[in-house]
$ cat data-v3.pdb   # PDB, C-alpha atoms
ATOM      1  CA  MET A 711     -13.606  -6.085  -0.365
ATOM      2  CA  ALA A 712     -13.902  -8.160   2.793
ATOM      3  CA  PRO A 713     -16.857 -10.592   2.810
ATOM      4  CA  ASN A 714     -18.396  -9.063   5.944
ATOM      5  CA  GLN A 715     -18.601  -5.702   4.202
ATOM      6  CA  PHE A 716     -20.597  -7.095   1.335
ATOM      7  CA  SER A 717     -24.027  -7.616   2.831
ATOM      8  CA  SER A 718     -26.937  -5.241   2.500
ATOM      9  CA  GLY A 719     -28.967  -6.671   5.346
ATOM     10  CA  ASP A 720     -31.708  -7.510   2.835
ATOM     11  CA  VAL A 721     -31.840 -11.174   1.797
ATOM     12  CA  ILE A 722     -33.304 -10.520  -1.652
ATOM     13  CA  ALA A 723     -30.822  -7.733  -2.383
ATOM     14  CA  ASP A 724     -27.954  -9.971  -1.318
ATOM     15  CA  ARG A 725     -29.215 -12.762  -3.558
ATOM     16  CA  ARG A 726     -29.389 -10.463  -6.579
ATOM     17  CA  ALA A 727     -25.924  -9.150  -5.784
ATOM     18  CA  ASP A 728     -24.648 -12.720  -5.665
ATOM     19  CA  TYR A 729     -26.122 -13.435  -9.083
ATOM     20  CA  ALA A 730     -24.543 -10.207 -10.318
ATOM     21  CA  ARG A 731     -21.153 -11.345  -9.039
ATOM     22  CA  MET A 732     -21.479 -14.648 -10.916
ATOM     23  CA  LEU A 733     -22.366 -12.792 -14.114
ATOM     24  CA  ALA A 734     -19.360 -10.512 -13.632
ATOM     25  CA  GLU A 735     -17.074 -13.494 -13.095
ATOM     26  CA  GLY A 736     -18.314 -14.754 -16.454
ATOM     27  CA  GLY A 737     -17.486 -11.414 -18.073
ATOM     28  CA  ASP A 738     -21.064 -10.197 -18.566
ATOM     29  CA  TYR A 739     -20.641  -6.818 -16.859
ATOM     30  CA  PRO A 740     -23.704  -5.090 -18.366
ATOM     31  CA  ALA A 741     -25.989  -7.815 -16.989
ATOM     32  CA  ALA A 742     -24.129  -7.744 -13.669
ATOM     33  CA  ALA A 743     -24.630  -3.992 -13.418
ATOM     34  CA  GLU A 744     -28.341  -4.354 -14.196
ATOM     35  CA  LEU A 745     -28.799  -6.885 -11.381
ATOM     36  CA  MET A 746     -26.794  -4.752  -8.945
ATOM     37  CA  GLU A 747     -29.006  -1.798  -9.783
ATOM     38  CA  GLN A 748     -32.037  -3.929  -8.860
ATOM     39  CA  ALA A 749     -30.367  -4.886  -5.580
ATOM     40  CA  LEU A 750     -29.680  -1.226  -4.776
ATOM     41  CA  GLU A 751     -33.340  -0.354  -5.331
ATOM     42  CA  LEU A 752     -34.014  -2.632  -2.357
ATOM     43  CA  ALA A 753     -31.009  -1.378  -0.326
ATOM     44  CA  PRO A 754     -30.308   2.222  -1.401
ATOM     45  CA  ARG A 755     -27.960   2.956   1.554
ATOM     46  CA  TRP A 756     -25.687  -0.011   0.839
ATOM     47  CA  THR A 757     -22.237   1.565   0.388
ATOM     48  CA  ALA A 758     -20.446  -1.629  -0.615
ATOM     49  CA  GLY A 759     -23.185  -2.372  -3.142
ATOM     50  CA  TRP A 760     -22.815   1.036  -4.764
ATOM     51  CA  PHE A 761     -19.064   0.487  -4.999
ATOM     52  CA  ARG A 762     -19.474  -2.862  -6.729
ATOM     53  CA  PHE A 763     -22.133  -1.347  -8.994
ATOM     54  CA  GLY A 764     -19.539   1.254  -9.991
ATOM     55  CA  GLU A 765     -16.988  -1.456 -10.738
ATOM     56  CA  TYR A 766     -19.402  -3.350 -12.985
ATOM     57  CA  LEU A 767     -20.372  -0.170 -14.814
ATOM     58  CA  GLU A 768     -16.737   0.764 -15.266
ATOM     59  CA  LYS A 769     -15.900  -2.625 -16.753
ATOM     60  CA  ALA A 770     -18.982  -2.425 -18.962
ATOM     61  CA  GLY A 771     -17.661   0.844 -20.408
ATOM     62  CA  GLU A 772     -20.381   2.967 -18.775
ATOM     63  CA  THR A 773     -17.902   5.521 -17.439
ATOM     64  CA  ALA A 774     -20.336   8.347 -16.702
ATOM     65  CA  LYS A 775     -22.632   6.033 -14.746
ATOM     66  CA  ALA A 776     -19.639   4.535 -12.933
ATOM     67  CA  VAL A 777     -18.534   8.032 -11.898
ATOM     68  CA  ALA A 778     -22.009   8.723 -10.511
ATOM     69  CA  ALA A 779     -21.895   5.469  -8.510
ATOM     70  CA  TYR A 780     -18.449   6.242  -7.087
ATOM     71  CA  GLU A 781     -19.563   9.769  -6.200
ATOM     72  CA  LYS A 782     -22.433   8.181  -4.288
ATOM     73  CA  VAL A 783     -19.939   5.987  -2.425
ATOM     74  CA  ALA A 784     -17.714   8.966  -1.631
ATOM     75  CA  GLY A 785     -20.676  10.752  -0.081
ATOM     76  CA  MET A 786     -21.661   7.754   2.049
ATOM     77  CA  ASP A 787     -18.224   6.448   3.086
ATOM     78  CA  GLY A 788     -17.044   8.845   5.769
ATOM     79  CA  GLU A 789     -14.071   6.671   6.763
ATOM     80  CA  GLY A 790     -12.774   6.286   3.222
ATOM     81  CA  LEU A 791     -12.909   2.500   3.471
ATOM     82  CA  PHE A 792     -13.632   2.100  -0.249
ATOM     83  CA  ALA A 793     -11.377   4.951  -1.437
ATOM     84  CA  ALA A 794     -13.887   6.027  -4.072
ATOM     85  CA  GLU A 795     -11.828   9.201  -4.505
ATOM     86  CA  LEU A 796      -9.051   7.099  -6.035
ATOM     87  CA  LYS A 797     -11.464   5.539  -8.512
ATOM     88  CA  LEU A 798     -12.815   8.965  -9.442
ATOM     89  CA  ALA A 799      -9.283  10.274  -9.963
ATOM     90  CA  VAL A 800      -8.362   7.354 -12.232
ATOM     91  CA  LEU A 801     -11.505   8.027 -14.292
ATOM     92  CA  GLY A 802     -10.587  11.705 -14.596
ATOM     93  CA  ALA A 803     -13.529  12.881 -12.497
ATOM     94  CA  ALA A 804     -11.498  14.204  -9.543
ATOM     95  CA  GLU A 805      -8.048  15.485  -8.657
ATOM     96  CA  THR A 806      -5.506  12.851  -7.622
ATOM     97  CA  PRO A 807      -5.447  12.650  -3.807
ATOM     98  CA  GLU A 808      -2.012  13.168  -2.281
ATOM     99  CA  GLN A 809      -2.598  10.063  -0.152
ATOM    100  CA  PRO A 810      -5.174   7.270  -0.018
ATOM    101  CA  PRO A 811      -7.418   7.016   3.051
ATOM    102  CA  SER A 812      -5.687   5.107   5.858
ATOM    103  CA  ARG A 813      -8.777   2.962   6.465
ATOM    104  CA  TYR A 814      -8.718   1.850   2.843
ATOM    105  CA  VAL A 815      -5.059   0.754   3.029
ATOM    106  CA  GLU A 816      -5.606  -0.940   6.388
ATOM    107  CA  GLY A 817      -8.664  -2.823   5.129
ATOM    108  CA  LEU A 818      -6.947  -3.751   1.878
ATOM    109  CA  PHE A 819      -4.081  -5.493   3.658
ATOM    110  CA  ASP A 820      -6.155  -6.951   6.470
ATOM    111  CA  ASP A 821      -8.168  -8.722   3.768
ATOM    112  CA  TYR A 822      -5.051  -9.626   1.756
ATOM    113  CA  ALA A 823      -2.910 -11.008   4.605
ATOM    114  CA  ASP A 824      -3.847 -14.701   4.333
ATOM    115  CA  ARG A 825      -3.020 -14.939   0.636
ATOM    116  CA  PHE A 826      -0.392 -12.196   0.443
ATOM    117  CA  GLU A 827       2.742 -14.300   0.143
ATOM    118  CA  THR A 828       1.228 -16.908  -2.161
ATOM    119  CA  SER A 829      -0.100 -14.230  -4.477
ATOM    120  CA  LEU A 830       2.922 -11.949  -4.445
ATOM    121  CA  VAL A 831       5.825 -14.368  -4.381
ATOM    122  CA  GLU A 832       4.545 -17.466  -6.168
ATOM    123  CA  LYS A 833       2.316 -15.823  -8.766
ATOM    124  CA  LEU A 834       3.805 -12.348  -9.308
ATOM    125  CA  ASP A 835       7.546 -13.097  -8.961
ATOM    126  CA  TYR A 836       7.960 -10.426  -6.305
ATOM    127  CA  SER A 837      11.679  -9.708  -5.841
ATOM    128  CA  VAL A 838      11.992  -6.415  -3.936
ATOM    129  CA  PRO A 839      13.041  -7.903  -0.554
ATOM    130  CA  GLN A 840      15.998  -9.744  -2.083
ATOM    131  CA  LYS A 841      17.073  -6.824  -4.256
ATOM    132  CA  LEU A 842      16.675  -4.285  -1.462
ATOM    133  CA  ALA A 843      18.669  -6.549   0.858
ATOM    134  CA  GLU A 844      21.550  -6.408  -1.633
ATOM    135  CA  LEU A 845      21.671  -2.633  -1.293
ATOM    136  CA  ILE A 846      21.415  -2.892   2.479
ATOM    137  CA  ALA A 847      24.319  -5.365   2.562
ATOM    138  CA  LYS A 848      26.421  -2.788   0.744
ATOM    139  CA  ALA A 849      25.539  -0.209   3.376
ATOM    140  CA  ALA A 850      26.376  -2.661   6.161
ATOM    141  CA  ASP A 851      29.760  -3.405   4.567
ATOM    142  CA  GLY A 852      30.148  -6.598   6.555
ATOM    143  CA  SER A 853      29.056  -5.158   9.889
ATOM    144  CA  VAL A 854      25.755  -5.555  11.774
ATOM    145  CA  PHE A 855      23.358  -2.681  12.386
ATOM    146  CA  ASP A 856      22.418  -2.110  16.022
ATOM    147  CA  THR A 857      18.772  -1.257  15.201
ATOM    148  CA  VAL A 858      16.856  -1.652  11.949
ATOM    149  CA  VAL A 859      13.285  -0.382  11.532
ATOM    150  CA  ASP A 860      11.219  -2.049   8.801
ATOM    151  CA  ILE A 861       8.325   0.315   8.067
ATOM    152  CA  GLY A 862       5.418  -1.308   6.247
ATOM    153  CA  CYS A 863       6.870  -4.700   7.145
ATOM    154  CA  GLY A 864       3.847  -6.666   5.920
ATOM    155  CA  THR A 865       4.226 -10.387   6.580
ATOM    156  CA  GLY A 866       7.983 -10.059   7.098
ATOM    157  CA  LEU A 867       9.373 -10.848   3.648
ATOM    158  CA  LEU A 868      12.059  -8.179   3.965
ATOM    159  CA  GLY A 869      12.700  -9.240   7.544
ATOM    160  CA  ILE A 870      13.712 -12.700   6.303
ATOM    161  CA  GLU A 871      16.389 -11.135   4.117
ATOM    162  CA  ILE A 872      17.853  -8.653   6.611
ATOM    163  CA  ARG A 873      17.450 -10.338  10.015
ATOM    164  CA  SER A 874      21.110 -11.389  10.031
ATOM    165  CA  MET A 875      22.188  -7.783   9.460
ATOM    166  CA  ALA A 876      20.422  -6.426  12.563
ATOM    167  CA  LYS A 877      21.041  -6.892  16.269
ATOM    168  CA  ARG A 878      17.515  -5.513  16.832
ATOM    169  CA  LEU A 879      14.808  -5.600  14.166
ATOM    170  CA  GLU A 880      11.585  -3.639  14.560
ATOM    171  CA  GLY A 881       8.597  -3.971  12.250
ATOM    172  CA  PHE A 882       5.636  -1.652  11.803
ATOM    173  CA  ASP A 883       2.579  -1.969   9.581
ATOM    174  CA  ILE A 884      -0.859  -0.407   9.277
ATOM    175  CA  SER A 885      -2.500  -3.848   9.098
ATOM    176  CA  GLN A 886      -2.920  -5.927  12.239
ATOM    177  CA  ASN A 887      -3.480  -9.055  10.153
ATOM    178  CA  MET A 888      -0.174  -8.536   8.357
ATOM    179  CA  LEU A 889       1.575  -8.014  11.690
ATOM    180  CA  ALA A 890       0.111 -11.303  12.942
ATOM    181  CA  LYS A 891       1.638 -13.091   9.942
ATOM    182  CA  ALA A 892       4.987 -11.380  10.561
ATOM    183  CA  GLU A 893       4.913 -12.423  14.208
ATOM    184  CA  GLU A 894       4.539 -16.066  13.201
ATOM    185  CA  LYS A 895       7.983 -15.901  11.580
ATOM    186  CA  GLY A 896       9.706 -15.015  14.863
ATOM    187  CA  LEU A 897      12.031 -12.541  13.140
ATOM    188  CA  TYR A 898      11.245  -9.255  14.834
ATOM    189  CA  ASP A 899      12.215  -8.027  18.282
ATOM    190  CA  HIS A 900       9.281  -5.612  18.230
ATOM    191  CA  LEU A 901       6.134  -5.410  16.096
ATOM    192  CA  ALA A 902       3.461  -2.715  16.271
ATOM    193  CA  GLN A 903       0.817  -0.954  14.210
ATOM    194  CA  ALA A 904       1.771   2.365  12.635
ATOM    195  CA  ASP A 905       0.315   4.798  10.108
ATOM    196  CA  LEU A 906       2.964   6.525   8.012
ATOM    197  CA  SER A 907       0.542   9.213   6.849
ATOM    198  CA  LEU A 908       0.273  10.687  10.361
ATOM    199  CA  GLU A 909       2.418  13.065  12.375
ATOM    200  CA  MET A 910       5.160  11.714  14.629
ATOM    201  CA  GLU A 911       3.100  11.894  17.798
ATOM    202  CA  THR A 912       0.264   9.777  16.403
ATOM    203  CA  SER A 913       2.113   7.615  13.871
ATOM    204  CA  GLY A 914       2.768   4.729  16.284
ATOM    205  CA  LEU A 915       6.510   4.722  15.553
ATOM    206  CA  PHE A 916       7.503   6.481  18.753
ATOM    207  CA  THR A 917       6.779   5.822  22.429
ATOM    208  CA  PRO A 918       8.690   6.567  25.639
ATOM    209  CA  LEU A 919      10.543   3.281  25.023
ATOM    210  CA  LEU A 920      10.856   3.758  21.246
ATOM    211  CA  ARG A 921      12.798   6.957  21.070
ATOM    212  CA  GLU A 922      13.714   9.213  18.196
ATOM    213  CA  HIS A 923      17.002   8.669  16.326
ATOM    214  CA  ARG A 924      17.295   5.045  17.436
ATOM    215  CA  ALA A 925      17.796   3.390  14.037
ATOM    216  CA  ASP A 926      20.926   2.825  11.985
ATOM    217  CA  LEU A 927      18.762   1.773   9.046
ATOM    218  CA  VAL A 928      15.148   2.343   8.025
ATOM    219  CA  ALA A 929      13.858   0.070   5.269
ATOM    220  CA  ALA A 930      10.603   0.162   3.307
ATOM    221  CA  ALA A 931       9.846  -2.509   0.708
ATOM    222  CA  ASP A 932       6.905  -1.605  -1.555
ATOM    223  CA  VAL A 933       5.384   0.874   0.864
ATOM    224  CA  MET A 934       5.606   4.191  -0.967
ATOM    225  CA  MET A 935       3.089   3.177  -3.645
ATOM    226  CA  TYR A 936       0.417   3.212  -0.942
ATOM    227  CA  LEU A 937       1.380   6.671   0.297
ATOM    228  CA  GLY A 938       1.285   8.904  -2.786
ATOM    229  CA  SER A 939       3.006  12.101  -1.710
ATOM    230  CA  LEU A 940       6.127  11.247   0.281
ATOM    231  CA  GLU A 941       6.258  14.601   2.040
ATOM    232  CA  SER A 942       4.779  13.082   5.216
ATOM    233  CA  VAL A 943       6.994   9.998   5.449
ATOM    234  CA  MET A 944      10.369  11.747   5.120
ATOM    235  CA  PRO A 945      10.132  13.552   8.494
ATOM    236  CA  LEU A 946       9.247  10.224  10.136
ATOM    237  CA  VAL A 947      12.291   8.531   8.632
ATOM    238  CA  SER A 948      14.509  11.448   9.644
ATOM    239  CA  ALA A 949      13.199  11.200  13.192
ATOM    240  CA  LEU A 950      13.861   7.454  13.303
ATOM    241  CA  LEU A 951      17.432   7.607  12.012
ATOM    242  CA  ARG A 952      20.614   8.409  13.846
ATOM    243  CA  PRO A 953      22.991  10.872  12.133
ATOM    244  CA  SER A 954      24.515   9.206   9.054
ATOM    245  CA  GLY A 955      21.911   6.424   9.200
ATOM    246  CA  PHE A 956      20.724   4.675   6.035
ATOM    247  CA  PHE A 957      17.344   4.668   4.293
ATOM    248  CA  ALA A 958      16.596   1.879   1.798
ATOM    249  CA  PHE A 959      13.281   1.734  -0.051
ATOM    250  CA  SER A 960      11.483   1.020  -3.304
ATOM    251  CA  VAL A 961       8.958   2.807  -5.503
ATOM    252  CA  GLU A 962       7.053   1.959  -8.648
ATOM    253  CA  ASP A 963       8.665   3.822 -11.524
ATOM    254  CA  ALA A 964       6.563   6.637 -12.997
ATOM    255  CA  GLY A 965       8.759   6.592 -16.097
ATOM    256  CA  ASP A 966       8.511   9.779 -18.133
ATOM    257  CA  GLU A 967       5.812  11.218 -15.893
ATOM    258  CA  GLN A 968       6.901  13.673 -13.233
ATOM    259  CA  GLY A 969       6.203  13.717  -9.503
ATOM    260  CA  PHE A 970       3.860  10.986  -8.327
ATOM    261  CA  VAL A 971       0.954   9.580 -10.328
ATOM    262  CA  LEU A 972      -1.989   7.326  -9.534
ATOM    263  CA  ARG A 973      -2.219   4.195 -11.669
ATOM    264  CA  GLU A 974      -5.298   2.177 -12.609
ATOM    265  CA  SER A 975      -4.126  -0.346 -10.016
ATOM    266  CA  LEU A 976      -4.907   2.377  -7.415
ATOM    267  CA  ARG A 977      -1.210   2.362  -6.496
ATOM    268  CA  TYR A 978       1.045   5.374  -6.875
ATOM    269  CA  ALA A 979       4.182   5.521  -9.001
ATOM    270  CA  HIS A 980       6.990   8.008  -8.410
ATOM    271  CA  SER A 981       9.537   9.572 -10.724
ATOM    272  CA  GLN A 982      13.228   9.326  -9.932
ATOM    273  CA  SER A 983      13.623  13.109 -10.050
ATOM    274  CA  TYR A 984      10.781  13.584  -7.534
ATOM    275  CA  VAL A 985      12.307  11.148  -5.057
ATOM    276  CA  VAL A 986      15.863  12.474  -5.413
ATOM    277  CA  ASP A 987      14.701  16.061  -4.950
ATOM    278  CA  LEU A 988      12.716  15.124  -1.865
ATOM    279  CA  LEU A 989      15.630  13.155  -0.399
ATOM    280  CA  GLU A 990      17.979  16.078  -0.849
ATOM    281  CA  ARG A 991      15.478  18.550   0.630
ATOM    282  CA  SER A 992      15.115  16.180   3.593
ATOM    283  CA  SER A 993      18.889  16.116   4.229
ATOM    284  CA  PHE A 994      19.575  12.737   2.646
ATOM    285  CA  SER A 995      22.352  11.955   0.198
ATOM    286  CA  PRO A 996      21.422   9.340  -2.416
ATOM    287  CA  ILE A 997      24.101   6.650  -2.532
ATOM    288  CA  GLU A 998      22.693   4.211  -5.062
ATOM    289  CA  ILE A 999      19.692   4.245  -7.380
ATOM    290  CA  ARG A1000      18.767   1.075  -9.230
ATOM    291  CA  LYS A1001      16.007   0.628 -11.799
ATOM    292  CA  THR A1002      14.711  -2.931 -11.922
ATOM    293  CA  THR A1003      11.685  -5.162 -12.430
ATOM    294  CA  ILE A1004       9.992  -5.522  -9.046
ATOM    295  CA  ARG A1005       7.230  -8.014  -9.941
ATOM    296  CA  LYS A1006       4.594  -8.800 -12.539
ATOM    297  CA  ASP A1007       1.404  -6.805 -13.006
ATOM    298  CA  ALA A1008      -1.337  -8.199 -15.247
ATOM    299  CA  GLY A1009       1.229 -10.673 -16.555
ATOM    300  CA  LYS A1010       3.757  -7.994 -17.534
ATOM    301  CA  PRO A1011       6.985  -6.904 -15.801
ATOM    302  CA  LEU A1012       6.450  -3.915 -13.508
ATOM    303  CA  SER A1013       9.276  -1.408 -13.333
ATOM    304  CA  GLY A1014      10.462  -0.002 -10.053
ATOM    305  CA  ILE A1015      13.314   1.983  -8.558
ATOM    306  CA  LEU A1016      15.363   1.019  -5.520
ATOM    307  CA  PHE A1017      17.020   3.744  -3.478
ATOM    308  CA  LEU A1018      19.767   3.673  -0.879
ATOM    309  CA  ALA A1019      20.313   7.016   0.815
ATOM    310  CA  ARG A1020      22.199   8.263   3.860
ATOM    311  CA  ALA A1021      21.175  10.920   6.352
ATOM    312  CA  LYS A1022      23.574  13.807   6.494
ATOM    313  CA  ALA A1023      25.529  13.977   9.734
TER     314      ALA A1023
END
$ encode --input "data-v3.pdb" --output "structure tokens"
Amino acid sequence: MAPNQFSSGDVIADRRADYARMLAEGGDYPAAAELMEQALELAPRWTAGWFRFGEYLEKAGETAKAVAAYEKVAGMDGEGLFAAELKLAVLGAAETPEQPPSRYVEGLFDDYADRFETSLVEKLDYSVPQKLAELIAKAADGSVFDTVVDIGCGTGLLGIEIRSMAKRLEGFDISQNMLAKAEEKGLYDHLAQADLSLEMETSGLFTPLLREHRADLVAAADVMMYLGSLESVMPLVSALLRPSGFFAFSVEDAGDEQGFVLRESLRYAHSQSYVVDLLERSSFSPIEIRKTTIRKDAGKPLSGILFLARAKA
């Protein structure tokens, strides 16, 4: 939650919320929830406050009360900035949304951009860019792709690995702050904001100068877990690729569960069978599928699946 979102406009309410945060940091979630409730009595229309109240209640084991708080947020948050629907789904109080709200994902990564690489690479042993680049090198087979499109490019970690394999490298992301970090690296020939949950015309991937079927390769490192259903992204990838172009991407592994599932992390995991079926229905031929550890999560290895597929000519 970005700092500028967490102010009620009432000095006393903000002070109580600050005390609540300190109690929560010390692990006393019941006391934190009690103080947040007092703050909300002073600022009953404070959406961010209700969301944090729900978090404290959830961690205190007060699930029913947490659900009520998140339902309050869902009713107040028209843009979906807090994605209370995801919290409700994880708690079993709502159906799993096919996709998270775009504003939630955008805000999440705008807030995360400054510490993204330190957190992901240094602390969580993130390895997807290197491992995905190995698959891409196999597809390149010693040659250089004319145009590569990195969708969900983030700060450019995949771009570092594949720049030498592309004459032209384009990067797209939903977060402007992430794009700013990617631009600092000087890797990309073109960077722009895009929303992969939208139709072609509004996605941001296509303009009169950025035509359909321009890419030899589309790559997506750790993007699909923020999309849920992949039904919307496949047509975008198909429209980006030339005939026989390659698609390389990663997912979190849903294991024995089928389809796509929402985890407590509020990220989605996908089953291998779901992805393969969708690739084949979208006129892709899977070339290589590799199960691997993609990073750590709560100190434990997190399983993922890497895919390399080729569009049918």
$ resolve_selection --input "data-v3.pdb" --expression "the PyMOL selection byres ((chain A and resi 842) around 12)" --output "ChimeraX atom specification"
/A:836-841,843-849,860,867-872,928-932,957-961,998-1002,1004,1014-1018
$ atom_distance --input "data-v3.pdb" --atom1 "atom CA of A:Gly817" --atom2 "atom CA of A:Lys1010"
26.4 Å
$ atom_distance --input "data-v3.pdb" --atom1 "atom CA of A:Leu901" --atom2 "atom CA of A:Leu879"
8.9 Å
$ atom_distance --input "data-v3.pdb" --atom1 "atom CA of A:His980" --atom2 "atom CA of A:Met944"
14.4 Å
$ residues_around --input "data-v3.pdb" --residues "A:Ser983" --least-positions-apart "4" --cutoff "12 Å" --atoms "only C-alpha atoms" --output "list in words"
Asp963, Ala964, Gly965, Asp966, Glu967, Gln968, Gly969, Phe970, Asp987, Leu988, Leu989, Glu990, Pro996, Ile999, Ile1015 and Phe1017 of chain A
